[in-house]
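Novice: Once you've had a glance at the structure underneath, I'll fire off some questions.
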Amino acid sequence: MLNRLFAILVFAGVPLVLAGAFLNWSDMIMFVLCCISIIGLSGYIGRATESLAIVSGPRIGGLLNATFGNAVELIISIFTLKAGMVGIVLASLTGSVLGNLLLVLGLSFFAGGIKFKRQNFSLLDARYNSGLLIFAVIVAFVIPEIFSMSMDEQTTLNLSIGIAVILIILYLAGLFFKLVTHRGVFASSDKNVDEEEEETPEWTKRKSILVLLLATVTVAFVSEQLVHTFEMLGEKFGWTELFIGVIIVAIVGNAAEHVSAITLAVKNKMDVSVELAVGSTLQVAMFVAPILVLVSLIMPEPMALVFTVPELVAMVAASLLVINLCNDGESNWFEGLILFAAYLIMGIGFYFL
């Protein structure tokens, strides 16, 4: 049923976006068409990566889901930078962190907890991710904000570039650590996945890769059209760049993770679900955000890695809440409800800012 819905959204939405781009349809119509098209394309990305995950194992699968899920947001952000909307890009990064940690993980815990009284996931992964969350969000995001108070604009940008390079190097080193040098240590937790039920991938490896490539290219085209509608949204609904980035762009751009993580949690595959939600957050903080800082250097307006105080407070609070709830390696529906409630409170706050 869900797959049929995604197919309708893609095969109806994308041609209409193409027609609207040439016929200059209204921004409101284009915004709706672009959103449903990206959500549909994200569904295809999720199905392709899930097929690859079955072949590759839960950890590689979670990484693939996070990577291709974030590819959508990265593409949207690059076109947004090209349009000179730096505030929306920074807000969308905040929204990704909050969305993955509170909305996606919260709904995953809740949906899985309704079906299973208690669900387990890798305690080793939880502790590893907790350390990186503290570093990526609390250290790497807060430090530029504090230091930039006594710096001029160019010095702040130079600081951001230095931090961006360090984050990318550490992120790649973390992948090497988990997938190469300490692969055996982390692989032991894969046994938590229910092995009684042998799964066969929906698509072959070749078809999955082809779908991923086609979907990503199509997302790039649709994203460019979506960015053109942001100014209209602000004027028509009175939404600030902060709200558009934190809520609208983040939810649309991360639709693949939303669908995949919740579906996997209902199937009691919590290792992959948690890896997808938290791993995607780490990828946004340690790879996507730094890449955007570097890419912005060739754009009309460079982007320093400096968030507003509400954004920082929200991300730090979300990180600490997730660390506290996940460090026992267990989840239930009430913990999911706590995370979701925190997301709603922050969403209301950003709406009224």
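Ligands are numbered from 1 in the order shown, residues from 1 within each chain, and chains are lettered A, B, ... in the order they appear in the structure tokens.
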Excluding A:Glu224 and its own-chain neighbours fewer than 5 positions away, which residues fall within 12 Å of it when counting only C-alpha atoms? Please give them as a VMD selection string.
Specialist: chain A and resid 17 to 18 21 30 to 31 34 to 35 38 72 to 83 217 to 219 229 to 230
Novice: Enumerate the residues of stretch 172-297 of chain A with a DSSP assignment of helix (DSSP H, G or I), computed from the backbone, and present them as an MDAnalysis selection string.
Specialist: chainID A and resid 172:181 183:192 205:227 230:237 241:253 255:266 270:297
Novice: Measuring atom to atom with only C-alpha atoms, identify which of A:Leu212, A:Ile168, A:Leu321, A:Ile161 is nearest to A:Leu294.
Specialist: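 Among the listed residues, A:Ile161 lies closest to A:Leu294.
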Novice: Point out the residue among A:Ile54, A:Ala342, A:Val86, A:Val104 with the least atom-to-atom distance to A:Asn254, counting only C-alpha atoms.
Specialist: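 That would be A:Val104, the residue with the smallest distance to A:Asn254.
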Novice: With only C-alpha atoms as the atoms that count, which of A:Leu105, A:Cys326, A:Gly13, A:Pro144 lies nearest to A:Val309?
Specialist: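 Closest to A:Val309 of all the choices is A:Pro144.
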Novice: Stretch 124-140 of chain A: which residues within 7 Å, counting only C-alpha atoms, same-chain residues fewer than 6 positions away excluded, as an mmCIF file with N, CA, C and O atoms, in the first residue's frame?
Specialist:
data_model
loop_
_atom_site.group_PDB
_atom_site.id
_atom_site.type_symbol
_atom_site.label_atom_id
_atom_site.label_comp_id
_atom_site.auth_asym_id
_atom_site.auth_seq_id
_atom_site.Cartn_x
_atom_site.Cartn_y
_atom_site.Cartn_z
ATOM 1 N N ILE A 163 37.092 24.048 11.544
ATOM 2 C CA ILE A 163 36.252 23.065 12.252
ATOM 3 C C ILE A 163 35.631 22.085 11.254
ATOM 4 O O ILE A 163 35.533 20.881 11.522
ATOM 5 N N LEU A 282 24.501 12.106 13.077
ATOM 6 C CA LEU A 282 25.955 12.275 13.108
ATOM 7 C C LEU A 282 26.485 12.637 11.726
ATOM 8 O O LEU A 282 27.404 13.450 11.599
ATOM 9 N N ALA A 285 25.742 16.312 11.138
ATOM 10 C CA ALA A 285 26.592 17.199 11.947
ATOM 11 C C ALA A 285 28.052 17.140 11.541
ATOM 12 O O ALA A 285 28.747 18.167 11.546
ATOM 13 N N MET A 286 28.547 15.946 11.196
ATOM 14 C CA MET A 286 29.987 15.773 10.982
ATOM 15 C C MET A 286 30.393 15.707 9.517
ATOM 16 O O MET A 286 31.588 15.753 9.208
ATOM 17 N N MET A 315 19.284 21.764 19.878
ATOM 18 C CA MET A 315 20.106 20.613 19.466
ATOM 19 C C MET A 315 20.815 19.973 20.661
ATOM 20 O O MET A 315 20.898 18.740 20.755
ATOM 21 N N VAL A 316 21.317 20.802 21.564
ATOM 22 C CA VAL A 316 21.994 20.260 22.757
ATOM 23 C C VAL A 316 20.992 19.502 23.628
ATOM 24 O O VAL A 316 21.270 18.385 24.091
ATOM 25 N N SER A 319 20.111 16.168 22.004
ATOM 26 C CA SER A 319 21.218 15.211 22.105
ATOM 27 C C SER A 319 21.296 14.605 23.500
ATOM 28 O O SER A 319 21.429 13.377 23.658
ATOM 29 N N ILE A 323 20.722 10.654 24.461
ATOM 30 C CA ILE A 323 21.803 9.925 25.141
ATOM 31 C C ILE A 323 21.285 9.282 26.419
ATOM 32 O O ILE A 323 21.573 8.118 26.714
ATOM 33 N N CYS A 326 18.869 6.310 25.505
ATOM 34 C CA CYS A 326 19.402 5.199 24.697
ATOM 35 C C CYS A 326 20.543 4.430 25.353
ATOM 36 O O CYS A 326 20.906 3.349 24.873
ATOM 37 N N ASN A 327 21.120 4.957 26.411
ATOM 38 C CA ASN A 327 22.326 4.331 26.960
ATOM 39 C C ASN A 327 22.088 3.016 27.698
ATOM 40 O O ASN A 327 23.019 2.400 28.186
ATOM 41 N N GLY A 329 20.362 0.593 26.027
ATOM 42 C CA GLY A 329 20.216 -0.377 24.949
ATOM 43 C C GLY A 329 18.810 -0.934 24.808
ATOM 44 O O GLY A 329 18.613 -1.947 24.141
#
Novice: Counting only C-alpha atoms, what is within 12 Å of stretch 204-206 of chain A, bar same-chain residues fewer than 5 positions away, as number ranges by chain?
Specialist: A: 47-56, 211-213
Novice: What's the 9 Å shell around A:Leu93, counting only C-alpha atoms, without same-chain residues fewer than 2 positions away, as a list in words?
Specialist: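 Once the adjacent positions are removed, what remains is Glu73, Ser77, Ile88, Val89, Leu90, Ala91, Gly95, Ser96, Val97, Leu98, Gly245, Val246, Ala250, Val284, Ala285, Val288 and Ala289 of chain A.
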Novice: If we count only C-alpha atoms, what is near A:Ile345 at a cut-off of 12 Å, once residues fewer than 2 positions away on the same chain are taken out, given as number ranges by chain?
Specialist: A: 98, 102-103, 314, 317-318, 338-343, 347-352
Novice: Check the smallest atom-to-atom distance from each of A:Gln119, A:Val306, A:Tyr171, A:Thr181 to A:Asp271 using only C-alpha atoms, then report the winner.
Specialist: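 Checking each of A:Gln119, A:Val306, A:Tyr171, A:Thr181 against A:Asp271, counting only C-alpha atoms, the winner is A:Gln119.
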Novice: Restricting the calculation to only C-alpha atoms, which member of A:Arg118, A:Leu170, A:Trp203, A:Val222 is positioned closest to A:Gly20?
Specialist: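 Ranked by minimum distance to A:Gly20, first place goes to A:Val222.
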Novice: Can you work out which one of A:Leu33, A:Gly113, A:Glu330, A:Ala164 has the shortest atom-to-atom distance to A:Ala19, counting only C-alpha atoms?
Specialist: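 Ranked by minimum distance to A:Ala19, first place goes to A:Leu33.
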